[in-house]
$ cat target38.csv   # CSV, C-alpha atoms
chain,number,residue,atom,x,y,z
A,1,MET,CA,-58.4,2.7,-66.2
A,2,ASP,CA,-61.0,5.4,-66.9
A,3,GLU,CA,-62.6,6.8,-63.8
A,4,SER,CA,-66.1,6.3,-65.1
A,5,ILE,CA,-65.4,2.6,-65.7
A,6,VAL,CA,-64.0,2.3,-62.1
A,7,GLY,CA,-67.1,4.0,-60.8
A,8,GLN,CA,-69.4,1.6,-62.7
A,9,ILE,CA,-67.4,-1.4,-61.3
A,10,LEU,CA,-67.6,-0.1,-57.7
A,11,GLU,CA,-71.3,0.6,-58.1
A,12,LYS,CA,-72.0,-2.9,-59.3
A,13,GLN,CA,-70.0,-4.3,-56.3
A,14,VAL,CA,-72.0,-2.2,-53.8
A,15,LEU,CA,-75.3,-3.2,-55.4
A,16,SER,CA,-74.2,-6.9,-55.3
A,17,VAL,CA,-73.4,-6.7,-51.6
A,18,ALA,CA,-76.6,-4.8,-50.8
A,19,LYS,CA,-78.6,-7.4,-52.7
A,20,ALA,CA,-76.9,-10.2,-50.7
A,21,VAL,CA,-77.7,-8.5,-47.4
A,22,GLU,CA,-81.3,-7.9,-48.5
A,23,ASP,CA,-81.7,-11.5,-49.5
A,24,LYS,CA,-80.4,-12.6,-46.1
A,25,LEU,CA,-82.8,-10.3,-44.3
A,26,ASP,CA,-85.7,-11.6,-46.4
A,27,GLU,CA,-84.7,-15.1,-45.6
A,28,GLU,CA,-84.6,-14.4,-41.8
A,29,ILE,CA,-88.0,-12.6,-41.9
A,30,SER,CA,-89.5,-15.4,-43.9
A,31,ALA,CA,-88.3,-17.9,-41.3
A,32,LEU,CA,-89.8,-15.8,-38.5
A,33,ASP,CA,-93.1,-15.6,-40.3
A,34,ARG,CA,-93.3,-19.4,-40.3
A,35,LEU,CA,-93.0,-19.6,-36.6
A,36,ASP,CA,-96.1,-20.3,-34.5
A,37,PRO,CA,-96.6,-18.5,-31.1
A,38,ASP,CA,-95.2,-21.4,-29.2
A,39,ASP,CA,-92.0,-21.3,-31.2
A,40,ILE,CA,-91.7,-17.5,-30.7
A,41,GLU,CA,-92.2,-17.9,-26.9
A,42,ALA,CA,-89.6,-20.7,-26.8
A,43,LEU,CA,-87.1,-18.5,-28.6
A,44,ARG,CA,-87.9,-15.6,-26.3
A,45,GLU,CA,-87.3,-17.7,-23.2
A,46,ARG,CA,-84.1,-19.1,-24.6
A,47,ARG,CA,-82.8,-15.6,-25.3
A,48,ILE,CA,-83.7,-14.4,-21.8
A,49,LEU,CA,-81.9,-17.4,-20.4
A,50,GLN,CA,-78.8,-16.7,-22.5
A,51,MET,CA,-78.8,-13.0,-21.4
A,52,ARG,CA,-79.2,-14.0,-17.7
A,53,ARG,CA,-76.3,-16.5,-17.9
A,54,ALA,CA,-74.1,-13.9,-19.7
A,55,ALA,CA,-74.9,-11.3,-17.0
A,56,GLU,CA,-74.1,-13.8,-14.3
A,57,ARG,CA,-70.8,-14.7,-16.0
A,58,ARG,CA,-69.8,-11.0,-16.3
A,59,ALA,CA,-70.7,-10.4,-12.6
A,60,LYS,CA,-68.5,-13.4,-11.6
A,61,TRP,CA,-65.6,-12.1,-13.7
A,62,ARG,CA,-65.8,-8.6,-12.3
A,63,ALA,CA,-65.8,-10.0,-8.8
A,64,LEU,CA,-62.5,-11.6,-9.6
A,65,GLY,CA,-61.0,-8.3,-10.8
A,66,HIS,CA,-61.7,-8.6,-14.5
A,67,GLY,CA,-62.4,-5.4,-16.4
A,68,GLU,CA,-59.5,-3.7,-14.6
A,69,TYR,CA,-55.7,-3.6,-15.2
A,70,GLU,CA,-54.0,-3.7,-11.8
A,71,GLU,CA,-50.7,-4.6,-10.0
A,72,VAL,CA,-50.5,-7.8,-8.0
A,73,PRO,CA,-47.7,-8.8,-5.7
A,74,GLU,CA,-45.7,-11.9,-6.5
A,75,LYS,CA,-47.4,-14.0,-3.9
A,76,GLU,CA,-50.8,-13.4,-5.4
A,77,PHE,CA,-50.0,-14.4,-8.9
A,78,PHE,CA,-50.7,-18.1,-8.6
A,79,ALA,CA,-54.0,-17.5,-6.8
A,80,ALA,CA,-55.0,-15.1,-9.6
A,81,ALA,CA,-54.0,-17.6,-12.2
A,82,LYS,CA,-56.1,-20.3,-10.6
A,83,ALA,CA,-59.1,-18.2,-10.0
A,84,SER,CA,-59.5,-16.9,-13.6
A,85,GLU,CA,-59.6,-19.2,-16.6
A,86,ARG,CA,-57.7,-16.7,-18.7
A,87,LEU,CA,-55.1,-14.3,-17.5
A,88,VAL,CA,-52.6,-11.9,-19.1
A,89,CYS,CA,-49.7,-10.9,-16.8
A,90,HIS,CA,-47.4,-8.1,-17.7
A,91,PHE,CA,-43.9,-8.4,-16.2
A,92,HIS,CA,-42.7,-4.8,-16.1
A,93,ARG,CA,-40.4,-2.2,-14.7
A,94,GLU,CA,-40.4,1.6,-14.8
A,95,ASN,CA,-39.3,2.2,-18.4
A,96,TRP,CA,-40.7,3.5,-21.6
A,97,PRO,CA,-41.4,0.1,-23.4
A,98,CYS,CA,-43.3,-1.1,-20.4
A,99,LYS,CA,-45.4,2.1,-20.2
A,100,VAL,CA,-46.3,1.7,-23.9
A,101,MET,CA,-47.5,-1.9,-23.2
A,102,GLU,CA,-49.4,-0.7,-20.2
A,103,LYS,CA,-51.4,1.9,-22.2
A,104,HIS,CA,-52.7,-0.9,-24.5
A,105,LEU,CA,-53.4,-3.4,-21.8
A,106,SER,CA,-55.4,-0.8,-19.9
A,107,ILE,CA,-57.7,-0.4,-22.9
A,108,LEU,CA,-58.0,-4.2,-23.5
A,109,ALA,CA,-58.7,-5.0,-19.9
A,110,LYS,CA,-61.9,-2.9,-20.1
A,111,GLN,CA,-62.9,-4.4,-23.5
A,112,HIS,CA,-62.3,-8.0,-22.6
A,113,VAL,CA,-63.8,-8.8,-19.3
A,114,GLU,CA,-63.6,-12.5,-20.1
A,115,THR,CA,-59.9,-12.2,-19.2
A,116,ARG,CA,-58.1,-10.8,-16.2
A,117,PHE,CA,-55.3,-8.4,-16.9
A,118,VAL,CA,-52.6,-7.9,-14.2
A,119,LYS,CA,-49.0,-6.7,-13.9
A,120,VAL,CA,-46.1,-7.8,-11.7
A,121,HIS,CA,-43.1,-5.7,-11.0
A,122,ALA,CA,-40.3,-7.9,-12.2
A,123,GLU,CA,-37.7,-6.5,-9.8
A,124,LYS,CA,-40.0,-7.2,-6.8
A,125,ALA,CA,-40.8,-10.8,-8.0
A,126,PRO,CA,-37.4,-12.6,-8.2
A,127,PHE,CA,-38.9,-16.1,-7.6
A,128,LEU,CA,-41.6,-15.7,-10.2
A,129,THR,CA,-39.4,-14.2,-12.9
A,130,GLU,CA,-36.8,-17.0,-12.4
A,131,LYS,CA,-39.5,-19.7,-12.4
A,132,LEU,CA,-41.1,-18.4,-15.6
A,133,ARG,CA,-37.7,-17.5,-17.2
A,134,ILE,CA,-38.6,-13.8,-17.6
A,135,VAL,CA,-35.6,-12.0,-19.1
A,136,VAL,CA,-36.8,-9.3,-21.5
A,137,LEU,CA,-39.1,-6.6,-20.3
A,138,PRO,CA,-41.9,-6.1,-21.1
A,139,THR,CA,-43.0,-9.7,-21.3
A,140,LEU,CA,-46.6,-10.9,-21.2
A,141,ALA,CA,-47.3,-14.3,-19.7
A,142,LEU,CA,-50.5,-15.7,-21.3
A,143,VAL,CA,-52.1,-18.0,-18.8
A,144,LYS,CA,-55.0,-20.4,-19.5
A,145,ASN,CA,-56.4,-22.8,-16.8
A,146,ALA,CA,-53.6,-21.9,-14.4
A,147,LYS,CA,-50.8,-22.8,-16.9
A,148,VAL,CA,-48.6,-20.4,-18.9
A,149,GLU,CA,-49.3,-21.3,-22.5
A,150,ASP,CA,-47.5,-18.5,-24.4
A,151,TYR,CA,-45.4,-15.4,-24.0
A,152,VAL,CA,-45.3,-12.0,-25.8
A,153,VAL,CA,-41.7,-11.0,-25.4
A,154,GLY,CA,-40.9,-7.3,-26.0
A,155,PHE,CA,-42.4,-6.0,-29.2
A,156,ASP,CA,-41.1,-8.6,-31.6
A,157,ASP,CA,-44.6,-10.1,-32.3
A,158,LEU,CA,-46.0,-6.6,-32.7
A,159,GLY,CA,-43.9,-5.2,-35.5
A,160,GLY,CA,-40.7,-4.7,-33.5
A,161,LYS,CA,-41.5,-1.0,-32.7
A,162,ASP,CA,-43.5,0.8,-30.0
A,163,ASP,CA,-45.9,2.3,-32.5
A,164,PHE,CA,-48.0,-0.8,-32.7
A,165,SER,CA,-51.8,-0.4,-32.3
A,166,THR,CA,-54.1,-1.8,-29.6
A,167,GLU,CA,-55.6,-4.0,-32.2
A,168,ASP,CA,-52.2,-5.4,-33.1
A,169,LEU,CA,-51.8,-6.5,-29.5
A,170,GLU,CA,-55.5,-7.6,-29.3
A,171,GLU,CA,-55.0,-9.9,-32.4
A,172,ARG,CA,-51.9,-11.4,-30.9
A,173,LEU,CA,-53.7,-12.2,-27.6
A,174,ALA,CA,-56.6,-13.6,-29.6
A,175,LYS,CA,-54.3,-15.8,-31.6
A,176,ALA,CA,-53.1,-17.3,-28.3
A,177,GLN,CA,-56.8,-17.7,-27.4
A,178,VAL,CA,-56.4,-15.9,-24.1
A,179,ILE,CA,-59.0,-13.3,-25.2
A,180,PHE,CA,-61.9,-13.6,-27.7
A,181,LEU,CA,-62.8,-11.3,-30.6
A,182,ASP,CA,-66.4,-12.4,-30.9
A,183,GLY,CA,-67.9,-10.2,-28.2
A,184,GLU,CA,-67.3,-11.8,-24.8
A,185,GLY,CA,-66.4,-8.3,-23.5
A,186,PRO,CA,-69.4,-6.0,-23.2
A,187,ALA,CA,-67.5,-3.0,-24.5
A,188,ASN,CA,-66.7,-4.6,-27.8
A,189,ALA,CA,-69.8,-3.3,-29.4
A,190,SER,CA,-68.6,0.2,-29.1
A,191,LYS,CA,-65.1,-0.3,-30.3
A,192,HIS,CA,-63.7,1.9,-32.9
A,193,THR,CA,-62.2,0.3,-36.0
A,194,THR,CA,-59.4,2.9,-36.3
A,195,LYS,CA,-56.1,1.7,-35.0
A,196,ARG,CA,-54.8,3.2,-31.8
A,197,SER,CA,-51.1,3.9,-31.3
A,198,VAL,CA,-49.5,5.3,-28.2
A,199,ARG,CA,-46.7,7.0,-30.0
A,200,GLN,CA,-43.6,6.1,-32.0
A,201,SER,CA,-40.3,6.1,-30.0
A,202,ASP,CA,-37.5,8.4,-31.1
A,203,THR,CA,-35.0,5.6,-30.5
A,204,GLY,CA,-37.1,2.8,-32.0
A,205,ASN,CA,-36.0,0.4,-29.2
A,206,SER,CA,-38.7,-2.2,-28.6
A,207,SER,CA,-37.7,-3.7,-25.3
A,208,ASP,CA,-35.4,-3.6,-22.3
A,209,SER,CA,-33.3,-6.5,-20.9
A,210,ASP,CA,-34.0,-7.4,-17.3

$ encode --input "target38.csv" --output "structure tokens"
Amino acid sequence: MDESIVGQILEKQVLSVAKAVEDKLDEEISALDRLDPDDIEALRERRILQMRRAAERRAKWRALGHGEYEEVPEKEFFAAAKASERLVCHFHRENWPCKVMEKHLSILAKQHVETRFVKVHAEKAPFLTEKLRIVVLPTLALVKNAKVEDYVVGFDDLGGKDDFSTEDLEERLAKAQVIFLDGEGPANASKHTTKRSVRQSDTGNSSDSD
């Protein structure tokens, strides 16, 4: 196709999108113009209340350890699972695949304060690994309301290699509804859209058997 024709098509598409955005803004401005002072004050008070509740919720989460990615001993796992409505637990050992997973979890823990992110050393938690049937490392146990609802085993759900991006893992956790993509974490507003990869393994191995 001729480049000039392609350019004209793209220009029409851009103008169409811009027109739609402009119409939406005009509609919202028109709606605001129709509000009387009492309506505006009610909206203001409602917004202040929403912001206050959000701040209180974040403060509660942070008091429980949300916003950080940290190691917990086996005996503290159940208490952590009960205290937080959503929890991601990384069962790990000192190997490369687990270190790759840790890099991404450290990023997501800061972005998604609505969820607690912890890790448990599998070799130091024999009761827990047996109870939850943890065999392959790394494995993420995805906990909601004190119940393990799902697992991410190795890198199979993430493309099968260790060059997956943080967003790939984020989307997998969101699919399990253990994190939210709609802005529960305060850092979401500053997220970059480019995909982050730790690095590609020379061997291509995605996991390690326990």

$ atom_distance --input "target38.csv" --atom1 "CA of Ala109 in chain A" --atom2 "CA of Glu167 in chain A"
12.7 Å

$ closest_residue --input "target38.csv" --among "A:Leu35, A:Ala42, A:Leu173, A:Ala59" --to "Lys144 in chain A" --atoms "all atoms listed in the file"
A:Leu173

$ atom_distance --input "target38.csv" --atom1 "CA of Pro97 in chain A" --atom2 "CA of Ala146 in chain A"
26.7 Å

$ residues_around --input "target38.csv" --residues "range 124-129 of chain A" --least-positions-apart "4" --cutoff "9 Å" --atoms "only C-alpha atoms" --output "PyMOL selection string"
chain A and resi 73-75+77+91+120+133-135

$ atom_distance --input "target38.csv" --atom1 "CA of Ala79 in chain A" --atom2 "CA of Glu149 in chain A"
16.8 Å

$ closest_residue --input "target38.csv" --among "A:Leu142, A:Cys89, A:Leu108, A:Ile40" --to "His121 in chain A" --atoms "all atoms listed in the file"
A:Cys89

$ closest_residue --input "target38.csv" --among "A:Lys24, A:Phe117, A:Glu45, A:Leu105" --to "Glu71 in chain A" --atoms "all atoms listed in the file"
A:Phe117

$ closest_residue --input "target38.csv" --among "A:Lys147, A:Lys82, A:Arg57, A:Lys131" --to "Glu114 in chain A" --atoms "all atoms listed in the file"
A:Arg57

$ residues_around --input "target38.csv" --residues "Ala83 in chain A" --least-positions-apart "5" --cutoff "9 Å" --atoms "all atoms listed in the file" --output "number ranges by chain"
A: 64, 78, 145-146

$ residues_around --input "target38.csv" --residues "Val118 in chain A" --least-positions-apart "6" --cutoff "8 Å" --atoms "only C-alpha atoms" --output "list in words"
Tyr69, Glu70, Glu71, Val72, Leu87, Val88, Cys89 and His90 of chain A

$ build_atoms --input "target38.csv" --residues "range 148-160 of chain A" --atoms "N, CA, C and O atoms" --output "short mmCIF file (atom, residue, chain, number, x, y, z; two decimals), in the coordinates of the input"
data_model
loop_
_atom_site.label_atom_id
_atom_site.label_comp_id
_atom_site.auth_asym_id
_atom_site.auth_seq_id
_atom_site.Cartn_x
_atom_site.Cartn_y
_atom_site.Cartn_z
N VAL A 148 -49.13 -21.33 -17.87
CA VAL A 148 -48.60 -20.40 -18.90
C VAL A 148 -48.47 -21.08 -20.20
O VAL A 148 -47.68 -22.01 -20.35
N GLU A 149 -49.27 -20.64 -21.17
CA GLU A 149 -49.30 -21.30 -22.50
C GLU A 149 -48.47 -20.60 -23.53
O GLU A 149 -48.07 -21.20 -24.52
N ASP A 150 -48.19 -19.30 -23.31
CA ASP A 150 -47.50 -18.50 -24.40
C ASP A 150 -46.93 -17.27 -23.74
O ASP A 150 -47.28 -16.88 -22.62
N TYR A 151 -46.02 -16.63 -24.47
CA TYR A 151 -45.40 -15.40 -24.00
C TYR A 151 -45.43 -14.38 -25.20
O TYR A 151 -45.29 -14.76 -26.37
N VAL A 152 -45.58 -13.11 -24.88
CA VAL A 152 -45.30 -12.00 -25.80
C VAL A 152 -44.08 -11.32 -25.26
O VAL A 152 -44.14 -10.66 -24.22
N VAL A 153 -42.95 -11.48 -25.93
CA VAL A 153 -41.70 -11.00 -25.40
C VAL A 153 -41.30 -9.70 -26.16
O VAL A 153 -41.13 -9.71 -27.39
N GLY A 154 -41.17 -8.60 -25.41
CA GLY A 154 -40.90 -7.30 -26.00
C GLY A 154 -41.93 -6.97 -27.06
O GLY A 154 -43.11 -7.27 -26.88
N PHE A 155 -41.50 -6.36 -28.18
CA PHE A 155 -42.40 -6.00 -29.20
C PHE A 155 -42.22 -6.78 -30.51
O PHE A 155 -42.73 -6.42 -31.57
N ASP A 156 -41.45 -7.86 -30.42
CA ASP A 156 -41.10 -8.60 -31.60
C ASP A 156 -42.31 -9.14 -32.37
O ASP A 156 -42.33 -9.17 -33.60
N ASP A 157 -43.35 -9.56 -31.63
CA ASP A 157 -44.60 -10.10 -32.30
C ASP A 157 -45.51 -8.96 -32.70
O ASP A 157 -46.59 -9.24 -33.25
N LEU A 158 -45.12 -7.71 -32.44
CA LEU A 158 -46.00 -6.60 -32.70
C LEU A 158 -45.41 -5.58 -33.66
O LEU A 158 -45.72 -4.39 -33.62
N GLY A 159 -44.54 -6.06 -34.51
CA GLY A 159 -43.90 -5.20 -35.50
C GLY A 159 -42.54 -4.73 -35.16
O GLY A 159 -41.88 -4.07 -35.96
N GLY A 160 -42.06 -5.04 -33.93
CA GLY A 160 -40.70 -4.70 -33.50
C GLY A 160 -40.50 -3.27 -33.10
O GLY A 160 -39.39 -2.87 -32.76
#
